[in-house]
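Reading through the structure tokens given below for one structure.
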Amino acid sequence: MDPVLYQIHKIMVKLLAVKKLIEQFVKFGIVGVIAFFIDFGIYTLCTQVFQWHYIVGGTLGFTISVIFNYLASMKYVFKHKEDMSRTREFIIFVVLSIIGLGINNACLWFLIDFVQWPFELSKPVLELGAKIIATAVVMVWNFVTRKILLDDTKNI
């Protein structure tokens, strides 16, 4: 093969891989937005309507959104690894999610109870703002770990 054509071919293959990764991340983002509204809605209901502690609201919202997220992610975002049982896949997903819950709650604790903000924030603004930041941090964790551990990248 002509060296120039070979280099063009290599570039095209890389561009195709980047395009597929971007498409996958967009799908992940759509599923994530829906999961976020489930999580955030339950969190808001618990903390603002029922006046429950933010950790209780965060845990409940996060847990319910994880169930939705597993079903939607493994159907629309990630390709099932044929050499992995669905049981093992679910266990890995749940373990990663539990770690994500720890990251989520640590972010909430840090931003709400630990940080001494140099300006006054109302309790709802502080709690809801902290939840948005925590969600962004956990989103990165979720995509990277699920891509590495659950996505069948051999059969793209």
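A note on labels: chains of the structure tokens are A, B, ... as shown, every chain counts residues from 1, and ligands are counted from 1 in their shown order.
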Close residues, range 15-28 of chain A itself excluded, 9 Å, only C-alpha atoms, min 6 positions apart in chain, as JSON, numbers by chain: {"A": [73, 76, 77, 78, 143, 156]}
Residue neighbourhood range 48-62 of chain A, 8 Å, only C-alpha atoms, exclusion window fewer than 5 positions, as a PyMOL selection string: chain A and resi 38-43+101+104-105+108+124+127
Could you give me, as a compact mmCIF listing (two decimals) with all heavy atoms, in the first residue's frame, the residues within 10 Å of Ile133 in chain A, counting only C-alpha atoms and dropping anything in the same chain fewer than 3 positions from it?
```txt
# COMPACT_ATOMS: atom_id res chain seq x y z
N ASN A 104 -20.47 10.99 45.54
CA ASN A 104 -21.59 11.93 45.58
C ASN A 104 -21.78 12.49 46.98
O ASN A 104 -21.83 13.70 47.19
CB ASN A 104 -22.85 11.20 45.10
CG ASN A 104 -24.11 12.04 45.17
OD1 ASN A 104 -24.31 12.92 44.35
ND2 ASN A 104 -24.96 11.77 46.15
N CYS A 107 -18.91 14.67 48.17
CA CYS A 107 -18.99 16.00 47.57
C CYS A 107 -20.05 16.85 48.29
O CYS A 107 -19.81 18.02 48.59
CB CYS A 107 -19.33 15.91 46.08
SG CYS A 107 -17.99 15.31 45.04
N LEU A 108 -21.21 16.26 48.57
CA LEU A 108 -22.27 16.99 49.27
C LEU A 108 -21.78 17.42 50.65
O LEU A 108 -21.94 18.59 51.04
CB LEU A 108 -23.53 16.13 49.41
CG LEU A 108 -24.32 15.86 48.13
CD1 LEU A 108 -25.45 14.88 48.40
CD2 LEU A 108 -24.84 17.14 47.52
N LEU A 111 -19.08 20.22 50.31
CA LEU A 111 -19.60 21.51 49.86
C LEU A 111 -20.61 22.13 50.81
O LEU A 111 -20.71 23.36 50.89
CB LEU A 111 -20.23 21.36 48.47
CG LEU A 111 -19.24 21.02 47.35
CD1 LEU A 111 -19.97 20.61 46.09
CD2 LEU A 111 -18.29 22.18 47.09
N LEU A 128 -28.87 22.54 46.72
CA LEU A 128 -29.12 22.20 45.32
C LEU A 128 -27.89 22.47 44.45
O LEU A 128 -27.59 21.69 43.55
CB LEU A 128 -30.35 22.96 44.81
CG LEU A 128 -31.65 22.65 45.57
CD1 LEU A 128 -32.79 23.51 45.03
CD2 LEU A 128 -32.00 21.18 45.51
N GLY A 129 -27.17 23.53 44.74
CA GLY A 129 -25.93 23.80 44.01
C GLY A 129 -24.89 22.71 44.24
O GLY A 129 -24.20 22.27 43.32
N ALA A 130 -24.79 22.28 45.50
CA ALA A 130 -23.85 21.20 45.83
C ALA A 130 -24.21 19.92 45.08
O ALA A 130 -23.33 19.19 44.62
CB ALA A 130 -23.83 20.96 47.34
N ALA A 136 -21.95 16.26 38.55
CA ALA A 136 -20.96 16.39 37.47
C ALA A 136 -19.72 15.55 37.77
O ALA A 136 -19.19 14.88 36.88
CB ALA A 136 -20.58 17.86 37.30
N VAL A 137 -19.26 15.56 39.00
CA VAL A 137 -18.09 14.77 39.39
C VAL A 137 -18.38 13.27 39.20
O VAL A 137 -17.58 12.53 38.61
CB VAL A 137 -17.68 15.06 40.85
CG1 VAL A 137 -16.62 14.10 41.33
CG2 VAL A 137 -17.21 16.51 40.98
N VAL A 138 -19.54 12.84 39.65
CA VAL A 138 -19.89 11.42 39.56
C VAL A 138 -20.11 11.00 38.10
O VAL A 138 -19.82 9.87 37.73
CB VAL A 138 -21.12 11.10 40.45
CG1 VAL A 138 -21.60 9.67 40.23
CG2 VAL A 138 -20.76 11.31 41.92
N MET A 139 -20.58 11.92 37.26
CA MET A 139 -20.79 11.60 35.85
C MET A 139 -19.47 11.19 35.18
O MET A 139 -19.42 10.21 34.44
CB MET A 139 -21.39 12.80 35.11
CG MET A 139 -21.70 12.52 33.66
SD MET A 139 -22.30 13.96 32.78
CE MET A 139 -20.76 14.68 32.28
```
All alpha helix (DSSP H) residues (DSSP, backbone) inside range 44-91 of chain A, as a PyMOL selection string: chain A and resi 44+54-72+86-91
Put those residues in a file: N, CA and C atoms, as a tab-separated table (two decimals), in the first residue's frame.
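Result written to part_15.tsv:
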```tsv
chain	number	residue	atom	x	y	z
A	44	THR	N	-34.69	16.64	45.72
A	44	THR	CA	-35.40	17.89	46.02
A	44	THR	C	-36.66	17.62	46.83
A	54	TYR	N	-30.03	15.83	53.90
A	54	TYR	CA	-29.56	15.75	52.52
A	54	TYR	C	-28.91	14.41	52.17
A	55	ILE	N	-28.30	13.75	53.14
A	55	ILE	CA	-27.69	12.44	52.85
A	55	ILE	C	-28.78	11.40	52.56
A	56	VAL	N	-29.89	11.45	53.29
A	56	VAL	CA	-31.01	10.53	53.03
A	56	VAL	C	-31.58	10.80	51.65
A	57	GLY	N	-31.86	12.07	51.36
A	57	GLY	CA	-32.38	12.42	50.04
A	57	GLY	C	-31.42	12.07	48.92
A	58	GLY	N	-30.14	12.33	49.15
A	58	GLY	CA	-29.12	12.01	48.14
A	58	GLY	C	-29.01	10.53	47.89
A	59	THR	N	-29.07	9.74	48.96
A	59	THR	CA	-28.96	8.29	48.82
A	59	THR	C	-30.18	7.71	48.11
A	60	LEU	N	-31.36	8.14	48.50
A	60	LEU	CA	-32.58	7.62	47.89
A	60	LEU	C	-32.65	7.99	46.40
A	61	GLY	N	-32.41	9.25	46.09
A	61	GLY	CA	-32.45	9.68	44.69
A	61	GLY	C	-31.39	8.97	43.85
A	62	PHE	N	-30.21	8.85	44.41
A	62	PHE	CA	-29.11	8.21	43.71
A	62	PHE	C	-29.43	6.74	43.43
A	63	THR	N	-29.98	6.05	44.42
A	63	THR	CA	-30.28	4.62	44.29
A	63	THR	C	-31.33	4.37	43.21
A	64	ILE	N	-32.39	5.12	43.23
A	64	ILE	CA	-33.45	4.93	42.23
A	64	ILE	C	-32.95	5.28	40.83
A	65	SER	N	-32.14	6.31	40.74
A	65	SER	CA	-31.60	6.67	39.43
A	65	SER	C	-30.61	5.62	38.91
A	66	VAL	N	-29.92	4.94	39.80
A	66	VAL	CA	-28.98	3.88	39.38
A	66	VAL	C	-29.71	2.74	38.70
A	67	ILE	N	-30.86	2.37	39.22
A	67	ILE	CA	-31.63	1.28	38.62
A	67	ILE	C	-32.03	1.66	37.19
A	68	PHE	N	-32.57	2.86	37.03
A	68	PHE	CA	-32.89	3.34	35.69
A	68	PHE	C	-31.63	3.38	34.82
A	69	ASN	N	-30.56	3.91	35.37
A	69	ASN	CA	-29.32	4.10	34.62
A	69	ASN	C	-28.76	2.77	34.12
A	70	TYR	N	-28.79	1.74	34.96
A	70	TYR	CA	-28.30	0.43	34.52
A	70	TYR	C	-29.10	-0.06	33.32
A	71	LEU	N	-30.41	-0.06	33.45
A	71	LEU	CA	-31.26	-0.57	32.37
A	71	LEU	C	-31.05	0.20	31.08
A	72	ALA	N	-31.03	1.53	31.16
A	72	ALA	CA	-30.89	2.35	29.96
A	72	ALA	C	-29.46	2.31	29.41
A	86	ARG	N	-24.64	-11.49	32.67
A	86	ARG	CA	-25.43	-10.31	33.04
A	86	ARG	C	-25.38	-10.09	34.56
A	87	THR	N	-25.30	-11.18	35.31
A	87	THR	CA	-25.20	-11.06	36.77
A	87	THR	C	-23.91	-10.34	37.15
A	88	ARG	N	-22.79	-10.77	36.57
A	88	ARG	CA	-21.51	-10.13	36.86
A	88	ARG	C	-21.53	-8.67	36.41
A	89	GLU	N	-22.10	-8.42	35.24
A	89	GLU	CA	-22.21	-7.07	34.72
A	89	GLU	C	-22.98	-6.17	35.69
A	90	PHE	N	-24.12	-6.68	36.19
A	90	PHE	CA	-24.95	-5.92	37.12
A	90	PHE	C	-24.20	-5.67	38.43
A	91	ILE	N	-23.50	-6.69	38.92
A	91	ILE	CA	-22.74	-6.53	40.18
A	91	ILE	C	-21.66	-5.45	40.01
```
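With distances restricted to only C-alpha atoms, A:Arg146 is the closest residue to Gly100 in chain A from A:Lys123, A:Lys14, A:Arg146, A:Lys81.
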Spatial neighbours of Ile92 in chain A, max dist 8 Å, only C-alpha atoms, sep filter under 4 positions, as number ranges by chain: A: 88, 96, 149-150
For N, CA and C atoms, I'd like the residues from the last selection saved as a short mmCIF file (atom, residue, chain, number, x, y, z; two decimals), in the first residue's frame.
```
data_model
loop_
_atom_site.label_atom_id
_atom_site.label_comp_id
_atom_site.auth_asym_id
_atom_site.auth_seq_id
_atom_site.Cartn_x
_atom_site.Cartn_y
_atom_site.Cartn_z
N ARG A 88 -22.79 -10.77 36.57
CA ARG A 88 -21.51 -10.13 36.86
C ARG A 88 -21.53 -8.67 36.41
N LEU A 96 -19.67 -0.08 41.10
CA LEU A 96 -19.22 1.23 40.61
C LEU A 96 -20.17 2.33 41.05
N LEU A 149 -14.70 -1.01 32.20
CA LEU A 149 -15.03 -2.31 32.77
C LEU A 149 -16.22 -3.03 32.14
N LEU A 150 -17.14 -2.30 31.52
CA LEU A 150 -18.36 -2.95 31.04
C LEU A 150 -18.57 -2.91 29.53
#
```
Computed interatomic separation between CA of Val125 in chain A and CA of Ala106 in chain A (Å): 18.0 Å
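Using only C-alpha atoms, the shortest contact distance between Ile103 in chain A and any of A:Ala134, A:Met74, A:Met12, A:Cys46 is found at A:Ala134.
Each of A:Pro3, A:Asp152, A:Val13, A:Glu120 was checked against Asp83 in chain A using only C-alpha atoms; the smallest atom-to-atom distance is that of A:Asp152.
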